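Reviewing the structure listed below.
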Amino acid sequence: MNSRTQQLEAFGRLLDIMDDLREKCPWDKKQTLESLRHLTIEETYELGDAILDNDLTEIKKELGDLLLHIVFYAKIGSETNAFDIADVANSICDKLIDRHPHIYGDVVVANEEEVKQNWEKLKLKEGKKSVLEGVPKSLPALVKASRIQDKVKGVGFDWEEPHQVWDKVQEELSELQEEVISGNQDKIEAEFGDVLFSMINYARFLKVNPEDALERTNKKFIKRFMYLESKAGELGKPLADMTLAEMDVFWEEAKKL
């Protein structure tokens with residue numbers, strides 16, 4: 001691994017390149033905080049894919065892309081004297097020190113859970129009116145539900161045992177089924193949302209990240225379905241012309257791969 005001196009030199013090199021690009025490249029000169037936003041989100045998802053695939057080479061590349069975006073935002077901020085990369089780094093350093101009094105102060109914690117609880121309490125002391133203020137409004141619903149549950153857990157609003165959460169899942173499933181029978185679409189949607197929320201809660205008690213779990217299933221389904229498509233192609237038969245029984249043969253083959 002590189003020494004701290006080499007790491008700092010590499011970061012300085014990136015800052016110098018960013019200066020050059022912002023001054024000389026027509027595309028880079030044109031970018032704004034707003035124009036980069038959707039690209040940053042895309043890069044974040046690409047990093048997430050690489051992590052789920054456990055592709056360390058790709059993780060390194062995607063981390064570089066995200067680091068570039070951070071440096072890019074800081075460069076744009078410096079052009080109006082709003083902030084620069086040093087302000088960005090010092091800001092997170094100060095926050096980390098303030099949020100870890102068990103490391104940089106005299107607070108004693110027994111485990112990870114107490115660290116999380118202290119974290120949320122400290123955020124309220126900093127002026128936040130609600131522990132939920134830190135949940136971005138634009139998060140995908142599944143991720144948002146998980147973060148909401150993590151946040152309220154930090155102040156003690158949580159179930160005590162996994163079986164209690166599972167009982168809640170069963171209760172919500174029963175209520176959903178009642179509304180399906182009644183046929184009220186609005187109530188069906190509401191109860192379906194409750195089922196998902198309770199399942200995400202249960203995942204937390206099982207120490208499963210629901211977003212990762214669902215994405216792994218997505219990837220698994222895609223691979224199996226593409227295998228099915230390839231086998232249909234070998235037969236020269238469109239999927240639409242195959243029976244479910246015929247497709248199921250190849251689906252079972254895919255599951256064994």
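Letters A, B, ... go to the chains of the structure tokens in the order shown; residues in each chain start at 1; ligands are counted from 1 in the same order.
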Practice item. Give me every alpha helix (DSSP H) residue in stretch 53-208 of chain A, going by DSSP on the backbone, as a ChimeraX atom specification. Key: /A:56-78,85-99,101-104,112-125,141-153,162-182,185-205
Review point. Got a sec: who's within 12 Å of stretch 90-99 of chain A, counting only C-alpha atoms, leaving out chain neighbours fewer than 5 positions off, as a list in words?
Key: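 With the cut-off at 12 Å, the set is Phe83, Asp84, Ile85, Tyr104, Gly105, Asp106, Val107, Val115, Lys116, Gln117, Asn118, Trp119, Glu120, Lys121, Leu122, Lys123, Leu124, Lys125 and Glu126 of chain A.
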Point to revise | Atom pair atom CA of A:Met18 / atom CA of A:His69: separation (Å) | key: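 Between these atoms lies a distance of 10.0 Å.
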Check your understanding: Leaving out A:Arg216 and any residue of its chain fewer than 6 positions from it, which residues lie within 12 Å of it when counting only C-alpha atoms, given as a list in words?
Key ->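 The residues that qualify are Gly48, Asp49, Ala50, Ile51, Leu52, Asp53, Asn54, Val208, Asn209, Pro210, Ile222 and Lys223 of chain A.
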Exercise for review: Determine the nearest neighbour of A:Ile76 from the options A:Gln31, A:Ser198, A:Ser138, A:Ser182, counting only C-alpha atoms.
Suggested key: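 When distances to A:Ile76 are compared using only C-alpha atoms, the smallest one comes from A:Gln31.
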Polymer residues at most 10 Å from A:Thr44, only C-alpha atoms, same-chain spacing of 3 or more positions, as an mmCIF file with all heavy atoms, in the first residue's frame:
```
data_model
loop_
_atom_site.group_PDB
_atom_site.id
_atom_site.type_symbol
_atom_site.label_atom_id
_atom_site.label_comp_id
_atom_site.auth_asym_id
_atom_site.auth_seq_id
_atom_site.Cartn_x
_atom_site.Cartn_y
_atom_site.Cartn_z
ATOM 1 N N HIS A 38 -26.904 14.725 -11.455
ATOM 2 C CA HIS A 38 -27.414 13.427 -11.926
ATOM 3 C C HIS A 38 -26.269 12.481 -12.262
ATOM 4 O O HIS A 38 -26.400 11.260 -12.124
ATOM 5 C CB HIS A 38 -28.336 13.623 -13.135
ATOM 6 C CG HIS A 38 -27.625 13.927 -14.416
ATOM 7 N ND1 HIS A 38 -27.136 15.172 -14.718
ATOM 8 C CD2 HIS A 38 -27.302 13.124 -15.467
ATOM 9 C CE1 HIS A 38 -26.557 15.134 -15.907
ATOM 10 N NE2 HIS A 38 -26.629 13.918 -16.386
ATOM 11 N N LEU A 39 -25.131 13.049 -12.681
ATOM 12 C CA LEU A 39 -23.971 12.204 -12.975
ATOM 13 C C LEU A 39 -23.403 11.605 -11.690
ATOM 14 O O LEU A 39 -22.971 10.442 -11.676
ATOM 15 C CB LEU A 39 -22.894 13.024 -13.689
ATOM 16 C CG LEU A 39 -23.290 13.598 -15.055
ATOM 17 C CD1 LEU A 39 -22.181 14.499 -15.597
ATOM 18 C CD2 LEU A 39 -23.597 12.480 -16.041
ATOM 19 N N THR A 40 -23.422 12.390 -10.613
ATOM 20 C CA THR A 40 -22.932 11.895 -9.329
ATOM 21 C C THR A 40 -23.808 10.754 -8.817
ATOM 22 O O THR A 40 -23.315 9.751 -8.303
ATOM 23 C CB THR A 40 -22.912 13.030 -8.289
ATOM 24 O OG1 THR A 40 -22.171 14.142 -8.812
ATOM 25 C CG2 THR A 40 -22.268 12.569 -6.988
ATOM 26 N N ILE A 41 -25.125 10.919 -8.973
ATOM 27 C CA ILE A 41 -26.051 9.865 -8.557
ATOM 28 C C ILE A 41 -25.771 8.588 -9.346
ATOM 29 O O ILE A 41 -25.734 7.481 -8.797
ATOM 30 C CB ILE A 41 -27.503 10.327 -8.751
ATOM 31 C CG1 ILE A 41 -27.825 11.479 -7.792
ATOM 32 C CG2 ILE A 41 -28.482 9.169 -8.547
ATOM 33 C CD1 ILE A 41 -29.163 12.139 -8.041
ATOM 34 N N LEU A 47 -20.987 2.442 -8.282
ATOM 35 C CA LEU A 47 -20.169 1.957 -7.176
ATOM 36 C C LEU A 47 -20.926 0.880 -6.404
ATOM 37 O O LEU A 47 -20.357 -0.156 -6.037
ATOM 38 C CB LEU A 47 -19.795 3.108 -6.237
ATOM 39 C CG LEU A 47 -19.087 2.711 -4.927
ATOM 40 C CD1 LEU A 47 -17.773 1.995 -5.213
ATOM 41 C CD2 LEU A 47 -18.859 3.940 -4.048
ATOM 42 N N GLY A 48 -22.215 1.115 -6.182
ATOM 43 C CA GLY A 48 -23.028 0.131 -5.479
ATOM 44 C C GLY A 48 -23.062 -1.203 -6.206
ATOM 45 O O GLY A 48 -22.983 -2.269 -5.586
ATOM 46 N N ASP A 49 -23.162 -1.162 -7.535
ATOM 47 C CA ASP A 49 -23.144 -2.394 -8.328
ATOM 48 C C ASP A 49 -21.819 -3.134 -8.146
ATOM 49 O O ASP A 49 -21.800 -4.356 -7.977
ATOM 50 C CB ASP A 49 -23.340 -2.072 -9.817
ATOM 51 C CG ASP A 49 -24.784 -1.730 -10.152
ATOM 52 O OD1 ASP A 49 -25.674 -2.057 -9.342
ATOM 53 O OD2 ASP A 49 -25.020 -1.132 -11.221
ATOM 54 N N ALA A 50 -20.723 -2.388 -8.197
ATOM 55 C CA ALA A 50 -19.400 -3.006 -8.072
ATOM 56 C C ALA A 50 -19.227 -3.658 -6.700
ATOM 57 O O ALA A 50 -18.625 -4.726 -6.573
ATOM 58 C CB ALA A 50 -18.308 -1.963 -8.308
ATOM 59 N N GLU A 62 -14.613 3.083 -9.567
ATOM 60 C CA GLU A 62 -15.811 3.868 -9.255
ATOM 61 C C GLU A 62 -15.563 4.832 -8.100
ATOM 62 O O GLU A 62 -16.123 5.936 -8.075
ATOM 63 C CB GLU A 62 -16.983 2.945 -8.938
ATOM 64 C CG GLU A 62 -17.419 2.049 -10.093
ATOM 65 C CD GLU A 62 -17.831 2.821 -11.332
ATOM 66 O OE1 GLU A 62 -18.154 4.021 -11.214
ATOM 67 O OE2 GLU A 62 -17.822 2.239 -12.429
ATOM 68 N N LEU A 63 -14.737 4.439 -7.140
ATOM 69 C CA LEU A 63 -14.358 5.361 -6.070
ATOM 70 C C LEU A 63 -13.614 6.558 -6.645
ATOM 71 O O LEU A 63 -13.789 7.702 -6.202
ATOM 72 C CB LEU A 63 -13.487 4.647 -5.031
ATOM 73 C CG LEU A 63 -14.217 3.712 -4.063
ATOM 74 C CD1 LEU A 63 -13.212 2.925 -3.229
ATOM 75 C CD2 LEU A 63 -15.150 4.499 -3.151
ATOM 76 N N ASP A 65 -14.057 7.790 -9.640
ATOM 77 C CA ASP A 65 -15.046 8.645 -10.296
ATOM 78 C C ASP A 65 -15.775 9.517 -9.274
ATOM 79 O O ASP A 65 -16.018 10.712 -9.515
ATOM 80 C CB ASP A 65 -16.069 7.782 -11.050
ATOM 81 C CG ASP A 65 -15.462 7.121 -12.286
ATOM 82 O OD1 ASP A 65 -14.406 7.580 -12.744
ATOM 83 O OD2 ASP A 65 -16.046 6.132 -12.772
ATOM 84 N N LEU A 66 -16.123 8.925 -8.134
ATOM 85 C CA LEU A 66 -16.812 9.712 -7.097
ATOM 86 C C LEU A 66 -15.889 10.771 -6.497
ATOM 87 O O LEU A 66 -16.314 11.895 -6.223
ATOM 88 C CB LEU A 66 -17.321 8.791 -5.991
ATOM 89 C CG LEU A 66 -18.723 8.214 -6.165
ATOM 90 C CD1 LEU A 66 -19.091 7.367 -4.959
ATOM 91 C CD2 LEU A 66 -19.762 9.314 -6.353
#
```
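Between A:Glu133 and the candidates A:Val152, A:Val180, A:Leu206, A:Leu15, the tightest atom-to-atom separation, counting only C-alpha atoms, involves A:Val152.
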